[in-house]
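Asks: This is the structure I want to talk about, given as structure tokens.
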Amino acid sequence: MNKYKLQAIGRRQFVQATLASTILTLGGSSVFSAIAAKRKRPNILFILTDDLGWGDIGIYGKTYETPNLDQLAREGTRFTNAYAAQTVCTPTRIGFFTGRYPARLPVGLQEPLVESDNVGLPPEQPTIASLLKAKGYETALVGKWHAGFLPDYGPLKSGFDEFFGNYSGAIDYFTHKGTDGELDFYEGEVPVEKPGYATDLYTERAVEFLKRPRNQPFYLSLHYNAPHWPWEGPEDEELSRTFYNSNAFTAGGSKETYAAILKSLDDGVGKVLQALKDSGQADNTIVIFASDNGGERFSDIGPFQGRKSSLYEGGIRVPTFIRWPGVIQPNKVNNQVIITFDLTATILAATGTLPDPNYPLDGRNLLPVLLGKKPVSPRTLFWRYKSNVGGRPSGQLQAAVRSGDWKYLRQGENEYLFNLANDQGEETDLKDNNPRVFQRLRDRFEEWNEQVLPYPV
């Protein structure tokens with residue numbers, strides 16, 4: 001064996017040893033060192049949908065058919081107690097990008113974020129993309145960003161090598177214009193006119209990315225704008241030039257149109273997964289699927305109440321599943337309570353990537369639970385929401401704590417205590433029967449609330 005082969009083996013052993021050590025540091029056990037020793041660093045495909053309700057995926061609900069997503073869920077572990085970091089999209093994206101509670105940053109208080117807010121994800125803030133990029137990963141974001149506007153903020157300033165998508169919270173599926181009527185479709189930081197249905201265009205770019213030859217691992221964030229309004233299926237181009245030319249994006253719609261939007265999304269995911277398989281990378285790619293918050297008015301919310309913009313379960317409980325061939329057993333259902341930024345911590349652990357010590361993660365590595373090396377255990381999670389338009393909070397404050405099966409909920413001046421183990425619909429207030437539990441969770445919220453940024457006044 002020549003010296004170059006020996007050097008290559010030495011480098012590979014070093015990388016494997018480093019990966020194993022890092023995974024252990026991030027909360028694993030000896031099983032992770034075995035994974036690291038046998039495998040290359042995994043690729044990451046993170047698929048995030050926009051306003052997808054709990055039951056909008058067939059395997060979770062009863063209303064819509066999504067065969068490709070159902071198949072993906074069966075090929076991995078799907079969670080029944082998965083939560084979004086917030087009940088609207090920008091904060092949840094901030095939570096995923098940073099691995100932390102979104103309210104630790106000013107942009108995480110923008111609910112929703114609009115261009116005039118002049119705030120965004122700071123370029124100096126470590127992100128999942130910047131951390132993986134520093135470890136040699138090729139990083140790309142396809143789809144919706146909604147974490148700050150040019151010229152000060154953007155994916156290319158926060159660790160992504162490339163970006164193709166929209167910066168704002170919503171675009172017309174055909175004209176690609178935002179709610180302000182201006183074009184919001186970009187190649188990097190350059191606006192582009194590109195005909196086509198947005199879901200299809202994002203699918204096509206993701207497929208093209210996956211088919212490229214490469215000699216380094218990749219992290220692809222595929223953030224579909226679907227099924228967010230406006231209510232346009234792939235055959236509804238005329239609506240974008242007539243009805244939505246003079247009506248708000250939230251107007252109109254029907255369950256039939258929503259089903260068409262979901263079908264296009266599901267078809268797109270199927271094409272992306274097929275491209276991953278055809279490229280020979282599927283067996284070494286972790287695929288994670290989630291939604292940024294609960295669904296809108298045509299969504300199947302399942303047994304819950306509340307929708308997007310509510311801290312009832314329907315506004316924050318979301319479909320989530322993870323596939324890692326040969327590591328995570330297929331067709332498993334897991335009841336562990338998780339939240340968006342746990343996915344960040346899990347990706348970092350699986351790739352042997354340490355977080356920045358100056359920005360400690362709030363998320364937990366899920367690998368020990370996924371691999372059966374750690375039992376399902378109680379979690380205590382926090383939410384706080386107040387509609388914040390133009391930098392000015394408005395409406396009532398909502399607060400929530402989930403601790404074990406208990407949930408504390410505040411809606412303005414009204415406070416409730418629910419036991420989700422037997423009341424998923426949050427219909428029976430138990431605070432008078434359990435005053436000590438009620439007070440404990442209320443106090444826990446106030447303690448957490450002191451650790452994050454206050455809303456601007």
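Ordered as shown in the structure tokens, chains take letters A, B, and onward, while each chain numbers its residues from 1 and ligands are numbered from 1 in the order shown.
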Residues at most 9 Å from Tyr173 of chain A, counting only C-alpha atoms, excluding those fewer than 3 positions away in the same chain, as a list of chain:residue names?

Replies: A:Ala170, A:His176, A:Lys177, A:Gly196, A:Tyr197, A:Ala198, A:Thr199, A:Asn225, A:Ala226, A:Trp229, A:Pro230, A:Trp231, A:Glu232, A:Gly233, A:Pro234, A:Glu237, A:Ser240

Asks: Go ahead and save the picked residues with all heavy atoms, as a tab-separated table (two decimals), in the first residue's frame.

Replies:
chain	number	residue	atom	x	y	z
A	170	ALA	N	-45.10	35.37	2.24
A	170	ALA	CA	-46.06	34.75	1.31
A	170	ALA	C	-45.87	35.33	-0.08
A	170	ALA	O	-45.65	36.53	-0.24
A	170	ALA	CB	-47.49	35.00	1.78
A	176	HIS	N	-45.26	35.09	-8.27
A	176	HIS	CA	-44.14	35.15	-7.33
A	176	HIS	C	-43.99	36.54	-6.72
A	176	HIS	O	-42.90	36.93	-6.31
A	176	HIS	CB	-42.83	34.70	-8.00
A	176	HIS	CG	-42.96	33.43	-8.75
A	176	HIS	ND1	-42.24	33.15	-9.89
A	176	HIS	CD2	-43.76	32.34	-8.53
A	176	HIS	CE1	-42.58	31.96	-10.35
A	176	HIS	NE2	-43.50	31.45	-9.55
A	177	LYS	N	-45.10	37.26	-6.65
A	177	LYS	CA	-45.12	38.55	-6.00
A	177	LYS	C	-45.61	38.40	-4.57
A	177	LYS	O	-46.45	37.56	-4.26
A	177	LYS	CB	-46.03	39.52	-6.76
A	177	LYS	CG	-45.53	39.87	-8.16
A	177	LYS	CD	-46.49	40.82	-8.87
A	177	LYS	CE	-45.97	41.18	-10.26
A	177	LYS	NZ	-46.90	42.09	-10.98
A	196	GLY	N	-43.70	29.59	-13.69
A	196	GLY	CA	-43.98	28.29	-13.10
A	196	GLY	C	-44.64	28.40	-11.74
A	196	GLY	O	-44.67	29.46	-11.11
A	197	TYR	N	-45.19	27.28	-11.31
A	197	TYR	CA	-45.84	27.16	-10.00
A	197	TYR	C	-44.74	27.02	-8.94
A	197	TYR	O	-43.85	26.18	-9.07
A	197	TYR	CB	-46.74	25.94	-10.03
A	197	TYR	CG	-47.65	25.75	-8.85
A	197	TYR	CD1	-48.70	26.62	-8.59
A	197	TYR	CD2	-47.48	24.65	-8.00
A	197	TYR	CE1	-49.56	26.42	-7.52
A	197	TYR	CE2	-48.34	24.44	-6.93
A	197	TYR	CZ	-49.37	25.33	-6.69
A	197	TYR	OH	-50.22	25.12	-5.62
A	198	ALA	N	-44.79	27.83	-7.90
A	198	ALA	CA	-43.68	27.92	-6.95
A	198	ALA	C	-43.30	26.57	-6.37
A	198	ALA	O	-42.11	26.24	-6.27
A	198	ALA	CB	-44.03	28.90	-5.84
A	199	THR	N	-44.27	25.76	-5.99
A	199	THR	CA	-43.98	24.44	-5.43
A	199	THR	C	-43.16	23.61	-6.41
A	199	THR	O	-42.17	22.96	-6.04
A	199	THR	CB	-45.28	23.70	-5.08
A	199	THR	OG1	-46.05	24.49	-4.17
A	199	THR	CG2	-44.98	22.35	-4.45
A	225	ASN	N	-43.17	26.86	0.29
A	225	ASN	CA	-44.15	27.85	0.71
A	225	ASN	C	-45.53	27.23	0.87
A	225	ASN	O	-46.42	27.82	1.49
A	225	ASN	CB	-44.22	29.01	-0.29
A	225	ASN	CG	-44.65	28.57	-1.67
A	225	ASN	OD1	-44.16	27.57	-2.19
A	225	ASN	ND2	-45.56	29.31	-2.28
A	226	ALA	N	-45.74	26.06	0.33
A	226	ALA	CA	-47.02	25.35	0.45
A	226	ALA	C	-47.17	24.74	1.85
A	226	ALA	O	-46.16	24.37	2.46
A	226	ALA	CB	-47.10	24.24	-0.60
A	229	TRP	N	-51.45	30.23	2.14
A	229	TRP	CA	-52.21	31.01	1.16
A	229	TRP	C	-51.28	31.91	0.32
A	229	TRP	O	-50.17	32.15	0.76
A	229	TRP	CB	-53.30	31.85	1.86
A	229	TRP	CG	-52.95	32.53	3.16
A	229	TRP	CD1	-53.31	32.13	4.41
A	229	TRP	CD2	-52.19	33.73	3.34
A	229	TRP	NE1	-52.82	33.01	5.37
A	229	TRP	CE2	-52.13	33.99	4.72
A	229	TRP	CE3	-51.54	34.62	2.48
A	229	TRP	CZ2	-51.45	35.10	5.27
A	229	TRP	CZ3	-50.86	35.72	3.01
A	229	TRP	CH2	-50.83	35.94	4.38
A	230	PRO	N	-51.71	32.35	-0.85
A	230	PRO	CA	-53.05	32.33	-1.44
A	230	PRO	C	-53.46	30.92	-1.87
A	230	PRO	O	-52.61	30.07	-2.14
A	230	PRO	CB	-52.92	33.26	-2.65
A	230	PRO	CG	-51.49	33.18	-3.04
A	230	PRO	CD	-50.73	33.03	-1.74
A	231	TRP	N	-54.78	30.71	-1.95
A	231	TRP	CA	-55.33	29.39	-2.21
A	231	TRP	C	-55.34	29.11	-3.71
A	231	TRP	O	-56.34	29.27	-4.38
A	231	TRP	CB	-56.73	29.29	-1.61
A	231	TRP	CG	-56.80	29.78	-0.20
A	231	TRP	CD1	-57.47	30.87	0.26
A	231	TRP	CD2	-56.16	29.20	0.95
A	231	TRP	NE1	-57.30	31.01	1.61
A	231	TRP	CE2	-56.50	30.00	2.07
A	231	TRP	CE3	-55.33	28.09	1.15
A	231	TRP	CZ2	-56.05	29.73	3.36
A	231	TRP	CZ3	-54.87	27.82	2.45
A	231	TRP	CH2	-55.23	28.62	3.51
A	232	GLU	N	-54.16	28.68	-4.21
A	232	GLU	CA	-53.99	28.42	-5.64
A	232	GLU	C	-53.36	27.05	-5.85
A	232	GLU	O	-52.23	26.80	-5.41
A	232	GLU	CB	-53.07	29.47	-6.28
A	232	GLU	CG	-53.58	30.90	-6.19
A	232	GLU	CD	-52.53	31.91	-6.59
A	232	GLU	OE1	-51.32	31.55	-6.65
A	232	GLU	OE2	-52.89	33.07	-6.85
A	233	GLY	N	-54.12	26.17	-6.50
A	233	GLY	CA	-53.54	24.91	-6.91
A	233	GLY	C	-52.77	25.08	-8.20
A	233	GLY	O	-52.77	26.17	-8.82
A	234	PRO	N	-52.09	24.06	-8.67
A	234	PRO	CA	-51.26	24.18	-9.88
A	234	PRO	C	-52.05	24.47	-11.15
A	234	PRO	O	-51.46	24.88	-12.15
A	234	PRO	CB	-50.55	22.83	-9.95
A	234	PRO	CG	-51.33	21.90	-9.10
A	234	PRO	CD	-51.95	22.74	-8.04
A	237	GLU	N	-53.78	29.20	-12.33
A	237	GLU	CA	-53.00	30.38	-12.70
A	237	GLU	C	-53.89	31.59	-12.98
A	237	GLU	O	-53.53	32.73	-12.67
A	237	GLU	CB	-52.13	30.08	-13.91
A	237	GLU	CG	-51.21	31.24	-14.27
A	237	GLU	CD	-50.17	30.87	-15.30
A	237	GLU	OE1	-50.20	29.73	-15.81
A	237	GLU	OE2	-49.31	31.71	-15.59
A	240	SER	N	-54.53	33.91	-10.06
A	240	SER	CA	-53.47	34.82	-9.63
A	240	SER	C	-53.50	36.12	-10.42
A	240	SER	O	-53.01	37.14	-9.95
A	240	SER	CB	-52.10	34.14	-9.78
A	240	SER	OG	-51.72	34.06	-11.14

Asks: Find the spatial neighbours of segment 416-418 of chain A, counting only C-alpha atoms, within a cut-off of 6 Å - ignore same-chain residues fewer than 4 positions away - and output them as a list in words.

Replies: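 Answer for this query is Trp406, Lys407, Tyr408, Leu409, Glu426, Asp429, Leu430 and Lys431 of chain A.
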
Asks: Taking only C-alpha atoms into account, produce a table as a Markdown table in which each residue of segment 235-325 of chain A with an atom at most 8 Å from an atom of segment 45-61 of chain A appears once, together with its shortest atom pair and the distance in Å to one decimal, ordered by chain and rising number.

Replies:
| residue | atom | partner | partner_atom | distance |
| --- | --- | --- | --- | --- |
| A:Leu262 | CA | A:Asp56 | CA | 8.0 |
| A:Thr285 | CA | A:Leu45 | CA | 6.9 |
| A:Ile286 | CA | A:Leu45 | CA | 6.1 |
| A:Val287 | CA | A:Leu45 | CA | 4.8 |
| A:Ile288 | CA | A:Phe46 | CA | 4.9 |
| A:Phe289 | CA | A:Ile47 | CA | 4.8 |
| A:Ala290 | CA | A:Leu48 | CA | 5.1 |
| A:Ser291 | CA | A:Thr49 | CA | 4.7 |
| A:Asp292 | CA | A:Asp50 | CA | 5.7 |
| A:Asn293 | CA | A:Asp51 | CA | 5.5 |
| A:Gly294 | CA | A:Gly53 | CA | 4.8 |
| A:Gly295 | CA | A:Gly53 | CA | 3.6 |
| A:Glu296 | CA | A:Asp51 | CA | 6.3 |
| A:Ser299 | CA | A:Gly53 | CA | 5.2 |
| A:Asp300 | CA | A:Gly55 | CA | 4.6 |
| A:Ile301 | CA | A:Trp54 | CA | 5.2 |
| A:Gly302 | CA | A:Gly55 | CA | 5.2 |
| A:Arg307 | CA | A:Gly53 | CA | 8.0 |
| A:Lys308 | CA | A:Asp51 | CA | 7.1 |
| A:Gly314 | CA | A:Trp54 | CA | 7.2 |
| A:Arg317 | CA | A:Trp54 | CA | 6.4 |
| A:Val318 | CA | A:Trp54 | CA | 4.9 |
| A:Pro319 | CA | A:Trp54 | CA | 5.4 |

Asks: Env of Leu121 of chain A: 7 Å cut, atoms = only C-alpha atoms, seq-sep filter 5 positions within chain, self excluded. Answer as a ChimeraX atom specification.

Replies: /A:107,147-148,153

Asks: Could you please take those selected residues and save C-alpha atoms as a tab-separated table (two decimals), in the first residue's frame?

Replies:
chain	number	residue	atom	x	y	z
A	107	VAL	CA	-36.23	38.96	15.07
A	147	ALA	CA	-35.87	35.64	8.54
A	148	GLY	CA	-34.89	39.16	7.44
A	153	TYR	CA	-30.05	39.93	6.16

Asks: Hey, could you make a per-residue contact list for segment 90-194 of chain A against segment 366-383 of chain A with 12 Å as the cut-off, showing the nearest pair of atoms and its distance in Å to one decimal, counting only C-alpha atoms, sorted by chain and number, as JSON lines?

Replies:
{"residue": "A:Pro91", "atom": "CA", "partner": "A:Trp383", "partner_atom": "CA", "distance": 10.7}
{"residue": "A:Thr92", "atom": "CA", "partner": "A:Trp383", "partner_atom": "CA", "distance": 10.8}
{"residue": "A:Gly95", "atom": "CA", "partner": "A:Trp383", "partner_atom": "CA", "distance": 11.7}
{"residue": "A:Arg100", "atom": "CA", "partner": "A:Phe382", "partner_atom": "CA", "distance": 11.7}
{"residue": "A:Tyr101", "atom": "CA", "partner": "A:Phe382", "partner_atom": "CA", "distance": 8.7}
{"residue": "A:Pro102", "atom": "CA", "partner": "A:Trp383", "partner_atom": "CA", "distance": 9.6}
{"residue": "A:Ala103", "atom": "CA", "partner": "A:Trp383", "partner_atom": "CA", "distance": 9.2}
{"residue": "A:Gly108", "atom": "CA", "partner": "A:Trp383", "partner_atom": "CA", "distance": 11.8}
{"residue": "A:Leu109", "atom": "CA", "partner": "A:Trp383", "partner_atom": "CA", "distance": 11.6}

Asks: For Asn215 of chain A, find every residue with an atom within 12 Å (counting only C-alpha atoms), except residues of its own chain fewer than 2 positions away, and show them as a PyMOL selection string.

Replies: chain A and resi 40-41+43+136-138+212-213+217-218+281

Asks: Determine the nearest neighbour of Asp117 of chain A from the options A:Thr344, A:Asn388, A:Thr66, A:Thr98, counting only C-alpha atoms.

Replies: A:Asn388

Asks: Leaving out segment 337-343 of chain A and any residue of its chain fewer than 4 positions from it, which residues lie within 7 Å of it when counting only C-alpha atoms, given as a PyMOL selection string?

Replies: chain A and resi 81-85+95-96+99-100+347+363-366+379

Asks: Mind listing the helix (DSSP H, G or I) residues of segment 281-341 of chain A, per DSSP on the backbone, as a list in words?

Replies: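 After running DSSP on the backbone, segment 281-341 of chain A has helix (DSSP H, G or I) at Ala282, Asp283, Asn284, Glu313, Gly314, Gly315, Ile316, Thr340 and Phe341 of chain A.
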
Asks: Check the smallest atom-to-atom distance from each of A:Asn284, A:Ser403, A:Thr127, A:Gln451 to Thr351 of chain A using only C-alpha atoms, then report the winner.

Replies: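 The shortest atom-to-atom distance to Thr351 of chain A comes from A:Asn284.
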
Asks: Taking 5 positions as the minimum chain separation for residues in the same chain, which residues sit within 9 Å of Gly268 of chain A when counting only C-alpha atoms? Answer as a list of chain:residue names.

Replies: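 Returned residues: A:Asn68, A:Thr199, A:Asp200, A:Tyr202, A:Thr203, A:Glu204, A:Lys263, A:Leu273.
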
Asks: Output the selection as a PDB file, in the first residue's frame - all heavy atoms for each residue.

Replies:
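This is the output file result.pdb:
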ATOM      1  N   ASN A  68     -46.844  10.002  -0.804  1.00  0.00           N
ATOM      2  CA  ASN A  68     -45.380  10.071  -0.723  1.00  0.00           C
ATOM      3  C   ASN A  68     -44.910  10.433   0.677  1.00  0.00           C
ATOM      4  O   ASN A  68     -43.934   9.859   1.189  1.00  0.00           O
ATOM      5  CB  ASN A  68     -44.849  11.079  -1.740  1.00  0.00           C
ATOM      6  CG  ASN A  68     -45.063  10.623  -3.165  1.00  0.00           C
ATOM      7  OD1 ASN A  68     -44.562   9.588  -3.585  1.00  0.00           O
ATOM      8  ND2 ASN A  68     -45.835  11.388  -3.927  1.00  0.00           N
ATOM      9  N   THR A 199     -44.274  25.760  -5.992  1.00  0.00           N
ATOM     10  CA  THR A 199     -43.980  24.440  -5.432  1.00  0.00           C
ATOM     11  C   THR A 199     -43.158  23.610  -6.413  1.00  0.00           C
ATOM     12  O   THR A 199     -42.173  22.960  -6.036  1.00  0.00           O
ATOM     13  CB  THR A 199     -45.278  23.697  -5.082  1.00  0.00           C
ATOM     14  OG1 THR A 199     -46.045  24.494  -4.171  1.00  0.00           O
ATOM     15  CG2 THR A 199     -44.981  22.346  -4.451  1.00  0.00           C
ATOM     16  N   ASP A 200     -43.565  23.644  -7.688  1.00  0.00           N
ATOM     17  CA  ASP A 200     -42.841  22.876  -8.709  1.00  0.00           C
ATOM     18  C   ASP A 200     -41.433  23.413  -8.921  1.00  0.00           C
ATOM     19  O   ASP A 200     -40.478  22.643  -9.099  1.00  0.00           O
ATOM     20  CB  ASP A 200     -43.608  22.903 -10.029  1.00  0.00           C
ATOM     21  CG  ASP A 200     -44.955  22.214  -9.943  1.00  0.00           C
ATOM     22  OD1 ASP A 200     -45.150  21.393  -9.023  1.00  0.00           O
ATOM     23  OD2 ASP A 200     -45.816  22.492 -10.799  1.00  0.00           O
ATOM     24  N   TYR A 202     -39.553  24.945  -6.746  1.00  0.00           N
ATOM     25  CA  TYR A 202     -38.707  24.573  -5.613  1.00  0.00           C
ATOM     26  C   TYR A 202     -38.335  23.098  -5.673  1.00  0.00           C
ATOM     27  O   TYR A 202     -37.197  22.709  -5.359  1.00  0.00           O
ATOM     28  CB  TYR A 202     -39.409  24.917  -4.297  1.00  0.00           C
ATOM     29  CG  TYR A 202     -39.537  26.401  -4.054  1.00  0.00           C
ATOM     30  CD1 TYR A 202     -40.534  26.919  -3.253  1.00  0.00           C
ATOM     31  CD2 TYR A 202     -38.650  27.305  -4.649  1.00  0.00           C
ATOM     32  CE1 TYR A 202     -40.658  28.296  -3.034  1.00  0.00           C
ATOM     33  CE2 TYR A 202     -38.768  28.673  -4.444  1.00  0.00           C
ATOM     34  CZ  TYR A 202     -39.768  29.148  -3.640  1.00  0.00           C
ATOM     35  OH  TYR A 202     -39.884  30.509  -3.431  1.00  0.00           O
ATOM     36  N   THR A 203     -39.277  22.286  -6.104  1.00  0.00           N
ATOM     37  CA  THR A 203     -38.972  20.866  -6.287  1.00  0.00           C
ATOM     38  C   THR A 203     -37.896  20.670  -7.339  1.00  0.00           C
ATOM     39  O   THR A 203     -36.929  19.912  -7.133  1.00  0.00           O
ATOM     40  CB  THR A 203     -40.249  20.108  -6.698  1.00  0.00           C
ATOM     41  OG1 THR A 203     -41.191  20.145  -5.615  1.00  0.00           O
ATOM     42  CG2 THR A 203     -39.941  18.663  -7.046  1.00  0.00           C
ATOM     43  N   GLU A 204     -38.032  21.348  -8.476  1.00  0.00           N
ATOM     44  CA  GLU A 204     -37.060  21.206  -9.560  1.00  0.00           C
ATOM     45  C   GLU A 204     -35.659  21.622  -9.121  1.00  0.00           C
ATOM     46  O   GLU A 204     -34.675  20.944  -9.448  1.00  0.00           O
ATOM     47  CB  GLU A 204     -37.503  22.050 -10.767  1.00  0.00           C
ATOM     48  CG  GLU A 204     -38.745  21.519 -11.463  1.00  0.00           C
ATOM     49  CD  GLU A 204     -39.328  22.513 -12.448  1.00  0.00           C
ATOM     50  OE1 GLU A 204     -38.675  23.562 -12.702  1.00  0.00           O
ATOM     51  OE2 GLU A 204     -40.444  22.268 -12.962  1.00  0.00           O
ATOM     52  N   LYS A 263     -51.501  18.073  -2.861  1.00  0.00           N
ATOM     53  CA  LYS A 263     -51.072  17.057  -3.828  1.00  0.00           C
ATOM     54  C   LYS A 263     -49.795  17.485  -4.532  1.00  0.00           C
ATOM     55  O   LYS A 263     -48.872  16.680  -4.732  1.00  0.00           O
ATOM     56  CB  LYS A 263     -52.166  16.778  -4.850  1.00  0.00           C
ATOM     57  CG  LYS A 263     -51.804  15.655  -5.831  1.00  0.00           C
ATOM     58  CD  LYS A 263     -52.888  15.380  -6.836  1.00  0.00           C
ATOM     59  CE  LYS A 263     -52.539  14.155  -7.704  1.00  0.00           C
ATOM     60  NZ  LYS A 263     -51.212  14.253  -8.358  1.00  0.00           N
ATOM     61  N   LEU A 273     -37.341  12.805  -3.198  1.00  0.00           N
ATOM     62  CA  LEU A 273     -36.856  11.551  -2.607  1.00  0.00           C
ATOM     63  C   LEU A 273     -36.386  10.576  -3.686  1.00  0.00           C
ATOM     64  O   LEU A 273     -35.414   9.834  -3.478  1.00  0.00           O
ATOM     65  CB  LEU A 273     -37.954  10.920  -1.755  1.00  0.00           C
ATOM     66  CG  LEU A 273     -38.374  11.730  -0.526  1.00  0.00           C
ATOM     67  CD1 LEU A 273     -39.532  11.049   0.186  1.00  0.00           C
ATOM     68  CD2 LEU A 273     -37.202  11.934   0.433  1.00  0.00           C
TER      69      LEU A 273
END

Asks: What's the separation between atom CA of Ala129 of chain A and atom CA of Leu105 of chain A, in Å to one decimal place?

Replies: 17.4 Å

Asks: Measuring between only C-alpha atoms, which one of A:Ile171, A:Leu69, A:Val190, A:Leu183 shows the shortest distance to Thr250 of chain A?

Replies: A:Ile171

Asks: Would you kindly return, as a list in words, each protein, DNA or RNA residue with an atom no farther than 10 Å from any atom of Gln424 of chain A, considering only C-alpha atoms and excluding same-chain residues fewer than 2 positions away?

Replies: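 The residues that qualify are Gly302, Pro303, Phe304, Gln305, Tyr312, Glu313, Gly314, Asp405, Phe418, Asn419, Leu420, Ala421, Asn422, Glu426, Glu427 and Thr428 of chain A.
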
Asks: Let me see the file: selected residues, C-alpha atoms, as a compact mmCIF listing (two decimals), in the first residue's frame.

Replies:
# COMPACT_ATOMS: atom_id res chain seq x y z
CA GLY A 302 -57.17 16.36 14.07
CA PRO A 303 -58.40 16.05 17.68
CA PHE A 304 -57.18 19.53 18.64
CA GLN A 305 -58.64 23.01 18.79
CA TYR A 312 -53.95 25.81 21.71
CA GLU A 313 -52.59 22.50 20.44
CA GLY A 314 -53.91 23.02 16.91
CA ASP A 405 -48.89 15.68 30.37
CA PHE A 418 -55.28 20.90 30.89
CA ASN A 419 -54.15 17.30 31.09
CA LEU A 420 -53.29 16.32 27.53
CA ALA A 421 -53.09 12.62 28.35
CA ASN A 422 -56.89 12.40 28.33
CA GLU A 426 -58.22 21.11 25.81
CA GLU A 427 -61.87 21.23 26.81
CA THR A 428 -61.70 20.62 30.58

Asks: Could you jot down the atom CA of Glu65 of chain A to atom CA of Ala259 of chain A separation for me, Å, one decimal place?

Replies: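 Between atom CA of Glu65 of chain A and atom CA of Ala259 of chain A the gap is 7.9 Å.
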